[in-house]
Structures are given as C-alpha cells and as structure tokens.
$ cat coords18.cif   # mmCIF, C-alpha atoms
data_protein
#
loop_
_atom_site.label_atom_id
_atom_site.label_comp_id
_atom_site.auth_asym_id
_atom_site.auth_seq_id
_atom_site.Cartn_x
_atom_site.Cartn_y
_atom_site.Cartn_z
CA MET A 1 0.00 0.00 0.00
CA SER A 2 1.39 3.34 -1.06
CA VAL A 3 1.35 6.57 0.88
CA GLN A 4 -1.10 8.11 -1.58
CA SER A 5 -3.59 5.34 -1.11
CA LEU A 6 -3.26 5.61 2.70
CA LEU A 7 -3.97 9.35 2.58
CA ASP A 8 -6.96 8.78 0.29
CA SER A 9 -8.30 6.18 2.73
CA LEU A 10 -7.98 8.64 5.68
CA VAL A 11 -9.68 11.46 3.78
CA SER A 12 -12.57 9.23 2.78
CA SER A 13 -12.92 7.98 6.40
CA PHE A 14 -12.94 11.58 7.67
CA GLN A 15 -15.57 12.59 5.14
CA ALA A 16 -17.72 9.59 6.02
CA ASP A 17 -17.54 10.00 9.85
CA PRO A 18 -15.54 13.00 11.24
CA GLY A 19 -16.47 12.26 14.89
CA PRO A 20 -13.48 10.09 15.90
CA PHE A 21 -11.04 12.52 14.26
CA LEU A 22 -12.61 15.52 16.00
CA LEU A 23 -12.56 13.67 19.31
CA ALA A 24 -8.87 12.78 18.89
CA GLY A 25 -8.08 16.41 17.97
CA ALA A 26 -9.98 17.69 21.01
CA GLY A 27 -8.06 15.22 23.23
CA LEU A 28 -4.75 16.46 21.85
CA LEU A 29 -5.82 20.05 22.36
CA LEU A 30 -6.83 19.35 25.97
CA PHE A 31 -3.55 17.53 26.65
CA SER A 32 -1.55 20.46 25.20
CA PHE A 33 -3.52 22.93 27.30
CA LEU A 34 -2.94 20.96 30.51
CA ALA A 35 0.77 20.53 29.75
CA SER A 36 1.10 24.28 29.11
CA LEU A 37 -0.75 25.07 32.36
CA TRP A 38 1.48 22.70 34.33
CA GLY A 39 4.61 24.31 32.77
CA LEU A 40 3.34 27.78 33.65
CA LEU A 41 2.72 26.75 37.27
CA GLN A 42 6.19 25.20 37.52
CA SER A 43 7.86 28.33 36.13
CA GLN A 44 5.94 30.54 38.59
CA LEU A 45 7.00 28.28 41.46
CA MET A 46 10.62 28.44 40.33
CA ALA A 47 10.39 32.24 39.99
CA ARG A 48 9.11 32.46 43.60
CA ARG A 49 11.91 30.21 44.82
CA LEU A 50 14.53 32.24 42.96
CA THR A 51 13.12 35.50 44.32
CA ALA A 52 13.17 34.09 47.86
CA LEU A 53 16.76 32.91 47.37
CA LEU A 54 17.94 36.24 46.03
CA ARG A 55 15.98 38.25 48.60
CA GLY A 56 17.05 36.09 51.51
CA ARG A 57 15.77 36.37 55.05
CA GLY A 58 15.98 39.58 57.03
CA ASP A 59 18.89 41.81 56.07
CA LEU A 60 20.79 39.10 54.22
CA ASP A 61 20.22 38.45 50.58
CA LEU A 62 22.31 36.18 48.36
CA GLU A 63 24.35 39.05 46.97
CA GLY A 64 25.06 40.39 50.47
CA ILE A 65 26.10 36.96 51.68
CA LEU A 66 28.43 36.48 48.72
CA VAL A 67 29.99 39.93 49.19
CA ARG A 68 30.52 39.27 52.91
CA GLN A 69 32.07 35.87 52.22
CA ALA A 70 34.38 37.36 49.57
CA THR A 71 35.50 40.01 52.08
CA LEU A 72 36.14 37.36 54.73
CA LEU A 73 38.07 35.26 52.23
CA GLU A 74 40.26 38.23 51.25
CA GLY A 75 40.99 38.86 54.94
CA ALA A 76 41.86 35.21 55.50
CA LEU A 77 44.20 35.22 52.49
CA ALA A 78 45.94 38.34 53.82
CA GLU A 79 46.38 36.64 57.20
CA VAL A 80 47.80 33.54 55.51
CA LYS A 81 50.37 35.71 53.69
CA GLU A 82 51.35 37.36 56.99
CA ILE A 83 51.69 33.97 58.67
CA GLN A 84 53.79 32.66 55.78
CA ALA A 85 56.09 35.68 56.04
CA ALA A 86 56.43 35.23 59.80
CA GLN A 87 57.06 31.50 59.35
CA GLY A 88 59.83 32.26 56.84
CA GLU A 89 61.42 34.69 59.26
CA LEU A 90 61.19 32.14 62.08
CA SER A 91 62.75 29.47 59.88
CA ARG A 92 65.67 31.75 59.08
CA SER A 93 66.24 32.71 62.71
CA LEU A 94 65.76 29.14 63.93
CA GLY A 95 68.81 28.10 61.92
CA ALA A 96 70.94 30.29 64.21
CA CYS A 97 69.57 28.65 67.37
CA VAL A 98 71.15 25.72 69.15
CA ARG A 99 69.57 22.73 67.46
CA ARG A 100 72.37 20.21 67.46
CA VAL A 101 73.56 18.78 70.76
CA GLY A 102 76.21 16.14 71.33
CA LEU A 103 77.24 14.74 74.72
CA VAL A 104 80.13 12.41 75.49
CA ARG A 105 80.78 11.17 79.02
CA PHE A 106 84.18 9.77 79.93
CA ASN A 107 86.71 9.17 82.68
CA ALA A 108 89.28 11.98 82.51
CA PHE A 109 91.68 10.37 84.95
CA PRO A 110 92.49 6.71 85.53
CA ASP A 111 91.85 6.89 89.26
CA CYS A 112 88.28 8.31 88.83
CA GLY A 113 85.40 6.14 87.72
CA GLY A 114 81.74 6.72 86.97
CA GLU A 115 82.33 8.77 83.81
CA LEU A 116 81.87 12.06 85.66
CA SER A 117 83.71 14.08 83.00
CA PHE A 118 81.93 15.19 79.86
CA ALA A 119 82.20 17.09 76.59
CA LEU A 120 79.04 18.91 75.47
CA ALA A 121 78.73 20.40 71.97
CA LEU A 122 75.95 23.01 71.43
CA LEU A 123 75.73 23.91 67.72
CA ASP A 124 73.38 25.63 65.26
CA ASP A 125 72.54 24.40 61.75
CA GLU A 126 75.79 25.85 60.38
CA LEU A 127 77.76 23.94 63.04
CA ASN A 128 78.61 27.14 64.88
CA GLY A 129 78.47 27.26 68.66
CA VAL A 130 80.51 26.06 71.62
CA VAL A 131 81.90 22.88 73.11
CA VAL A 132 81.99 22.77 76.92
CA SER A 133 84.21 20.25 78.69
CA SER A 134 84.25 19.34 82.34
CA LEU A 135 87.13 17.30 83.68
CA ALA A 136 86.21 15.77 87.02
CA GLY A 137 89.06 14.65 89.24
CA ARG A 138 89.16 13.16 92.71
CA ASP A 139 89.74 16.53 94.41
CA ASP A 140 88.61 19.14 91.91
CA SER A 141 86.80 19.76 88.66
CA ARG A 142 87.70 22.01 85.75
CA VAL A 143 85.41 23.42 83.05
CA TYR A 144 86.57 24.60 79.62
CA ALA A 145 84.66 26.23 76.77
CA LYS A 146 85.88 26.50 73.19
CA PRO A 147 84.18 28.33 70.31
CA ILE A 148 83.20 26.31 67.25
CA GLN A 149 82.88 27.75 63.73
CA ALA A 150 81.72 25.46 60.91
CA GLY A 151 82.50 22.42 63.05
CA ARG A 152 86.08 23.50 63.84
CA SER A 153 87.73 25.34 66.70
CA PRO A 154 90.77 27.63 66.66
CA TYR A 155 91.84 25.79 69.84
CA PRO A 156 93.04 22.20 70.01
CA LEU A 157 90.20 19.77 70.68
CA SER A 158 90.40 16.62 72.73
CA ARG A 159 89.22 13.34 71.24
CA GLU A 160 86.03 13.55 73.39
CA GLU A 161 85.32 17.15 72.34
CA GLN A 162 85.67 16.20 68.66
CA GLU A 163 83.41 13.19 69.27
CA ALA A 164 80.76 15.46 70.87
CA ILE A 165 80.96 17.81 67.85
CA ASN A 166 80.63 14.86 65.45
CA CYS A 167 77.69 13.54 67.47
CA ALA A 168 75.96 16.96 67.33
CA ALA A 169 76.63 17.20 63.59
CA GLY A 170 75.09 13.78 63.09
CA LYS A 171 78.36 12.13 62.11
CA LYS A 172 79.40 8.73 63.38
CA GLY A 173 82.68 8.98 65.11
#
$ encode --input "coords18.cif" --output "structure tokens"
Amino acid sequence: MSVQSLLDSLVSSFQADPGPFLLAGAGLLLFSFLASLWGLLQSQLMARRLTALLRGRGDLDLEGILVRQATLLEGALAEVKEIQAAQGELSRSLGACVRRVGLVRFNAFPDCGGELSFALALLDDELNGVVVSSLAGRDDSRVYAKPIQAGRSPYPLSREEQEAINCAAGKKG
C-alpha cells in the first residue's frame, strides 16, 4: 500500500464519519492545554523560589552573603600571607639557634670512675656554637669552653670534644 492510497483512505474515512477525528483532535488540544498550564505553574513556582533565594531572610540576601564571604576570604588570604612571612622569618632565625647537641661522658683520669667528666657540643645548623668540657678529678673539677665555627675550633680539641661535635653534627665517630 502506497502513501497516496493511505492518505486517500484517511480522507474518505474523515468525510464519512468526522467524529473520531474531531474527538482525537480535542483530546490532543486538551492535553496540550494541561501541559502548558502545568509548565506555567512550575515556572511561577521556580520564579518564587529564585526571588526568595535572592531576597534572603531579614537583612541578608544572596548578593550580600556572597559579598561578605568574599571580604572574609580576602581577609583570610591576607592573614595567611602574613603567617607565611612570619614563618619564613622564624625558619631563618631558627637556623641560628642551638639545634644540634652532642654529649660524650668519659673518665678523665684513671683513678676516677663513673664517667663524671663530659664534653658537650651546642651547635646551630651551620655547626657554629661552643663545646663545653668538664674534667672531674678526685679533688677538683675544671670546666673549659671553646668556640666552634663550621665544626672547627681555633683551639686544640680533645678526642672527646671532637666526638661530641661529630655527634651533634650527626656524624658517626
């Protein structure tokens, strides 16, 4: 069956009894009207929701809230920059603080036991600082301090003092 014959059959059916065609057309018209009405109601509901969102409650509307949050965020970012600058300054100054400590206990004299003598190295990150030695004898005790620059001293170091410096520097010795 061709398209032309199908159209001719529909036209002749319509001419013979237009009732079912008119009823179908009216049904489609009613459905379109109801769908349009439902769409209109939905768009009005969305418009009310959007207006309520933008208007907000009380003194706060969406724009005001966003502006306030942006201002708070800018303030927080400025504080973070200040904290980062202070942290950098602290990191630089912390390198000059005593952060490396080495302690060696020993017997300075053969007649004294208990390892009462010691060498204590107090150094910064650049291995600058001081080594303090205490030599404990049976009758007296002596304390010596020697400056350290870059892990070395202009004064002769005992084996224990050098060991304390190596220990503070993290070297095995």
$ closest_residue --input "coords18.cif" --among "A:Ala145, A:Ala150, A:Ala85, A:Ala35" --to "Glu126 in chain A" --atoms "all atoms listed in the file"
A:Ala150
$ atom_distance --input "coords18.cif" --atom1 "CA of Arg48 in chain A" --atom2 "CA of Leu62 in chain A"
14.5 Å
$ atom_distance --input "coords18.cif" --atom1 "CA of Arg142 in chain A" --atom2 "CA of Glu160 in chain A"
15.1 Å
$ atom_distance --input "coords18.cif" --atom1 "CA of Leu94 in chain A" --atom2 "CA of Ser158 in chain A"
29.0 Å
$ axis_aligned_box --input "coords18.cif" --around "range 140-149 of chain A" --padding-each-side "6 Å" --output "AutoDock Vina command-line options"
--center_x 85.7 --center_y 23.7 --center_z 77.8 --size_x 17.7 --size_y 21.2 --size_z 40.2
$ closest_residue --input "coords18.cif" --among "A:Val131, A:Leu72, A:Ala164, A:Leu123" --to "Arg105 in chain A" --atoms "only C-alpha atoms"
A:Ala164
$ residues_around --input "coords18.cif" --residues "range 133-139 of chain A" --least-positions-apart "2" --cutoff "7 Å" --atoms "only C-alpha atoms" --output "list of chain:residue names"
A:Ala108, A:Phe109, A:Cys112, A:Leu116, A:Ser117, A:Phe118, A:Ala119, A:Leu120, A:Val131, A:Ser141, A:Arg142, A:Val143, A:Tyr144, A:Ala145
$ closest_residue --input "coords18.cif" --among "A:Glu63, A:Asp124, A:Glu74, A:Glu82" --to "Cys97 in chain A" --atoms "all atoms listed in the file"
A:Asp124
$ closest_residue --input "coords18.cif" --among "A:Ile165, A:Ala96, A:Ala47, A:Ala78" --to "Ala121 in chain A" --atoms "only C-alpha atoms"
A:Ile165
$ residues_around --input "coords18.cif" --residues "Val130 in chain A" --least-positions-apart "4" --cutoff "6 Å" --atoms "all atoms listed in the file" --output "list in words"
Ala121, Leu122, Lys146, Pro147 and Ile148 of chain A
$ closest_residue --input "coords18.cif" --among "A:Ile65, A:Cys167, A:Leu50, A:Leu157" --to "Gly102 in chain A" --atoms "only C-alpha atoms"
A:Cys167
$ decode --input "coords18.cif" --residues "range 101-132 of chain A" --atoms "C-alpha atoms" --output "PDB file, in the first residue's frame"
ATOM      1  CA  VAL A 101      73.564  18.776  70.755  1.00  0.00           C
ATOM      2  CA  GLY A 102      76.207  16.135  71.329  1.00  0.00           C
ATOM      3  CA  LEU A 103      77.242  14.741  74.717  1.00  0.00           C
ATOM      4  CA  VAL A 104      80.126  12.406  75.486  1.00  0.00           C
ATOM      5  CA  ARG A 105      80.782  11.169  79.017  1.00  0.00           C
ATOM      6  CA  PHE A 106      84.176   9.773  79.931  1.00  0.00           C
ATOM      7  CA  ASN A 107      86.710   9.168  82.681  1.00  0.00           C
ATOM      8  CA  ALA A 108      89.275  11.976  82.509  1.00  0.00           C
ATOM      9  CA  PHE A 109      91.676  10.368  84.951  1.00  0.00           C
ATOM     10  CA  PRO A 110      92.493   6.710  85.525  1.00  0.00           C
ATOM     11  CA  ASP A 111      91.850   6.887  89.258  1.00  0.00           C
ATOM     12  CA  CYS A 112      88.277   8.311  88.834  1.00  0.00           C
ATOM     13  CA  GLY A 113      85.403   6.139  87.721  1.00  0.00           C
ATOM     14  CA  GLY A 114      81.742   6.721  86.973  1.00  0.00           C
ATOM     15  CA  GLU A 115      82.327   8.774  83.809  1.00  0.00           C
ATOM     16  CA  LEU A 116      81.871  12.064  85.665  1.00  0.00           C
ATOM     17  CA  SER A 117      83.715  14.079  83.003  1.00  0.00           C
ATOM     18  CA  PHE A 118      81.929  15.185  79.859  1.00  0.00           C
ATOM     19  CA  ALA A 119      82.197  17.094  76.594  1.00  0.00           C
ATOM     20  CA  LEU A 120      79.042  18.909  75.474  1.00  0.00           C
ATOM     21  CA  ALA A 121      78.727  20.403  71.968  1.00  0.00           C
ATOM     22  CA  LEU A 122      75.955  23.010  71.431  1.00  0.00           C
ATOM     23  CA  LEU A 123      75.726  23.914  67.717  1.00  0.00           C
ATOM     24  CA  ASP A 124      73.377  25.632  65.257  1.00  0.00           C
ATOM     25  CA  ASP A 125      72.538  24.397  61.753  1.00  0.00           C
ATOM     26  CA  GLU A 126      75.790  25.849  60.376  1.00  0.00           C
ATOM     27  CA  LEU A 127      77.762  23.941  63.041  1.00  0.00           C
ATOM     28  CA  ASN A 128      78.611  27.143  64.885  1.00  0.00           C
ATOM     29  CA  GLY A 129      78.472  27.257  68.663  1.00  0.00           C
ATOM     30  CA  VAL A 130      80.506  26.058  71.620  1.00  0.00           C
ATOM     31  CA  VAL A 131      81.903  22.880  73.107  1.00  0.00           C
ATOM     32  CA  VAL A 132      81.995  22.768  76.915  1.00  0.00           C
TER      33      VAL A 132
END
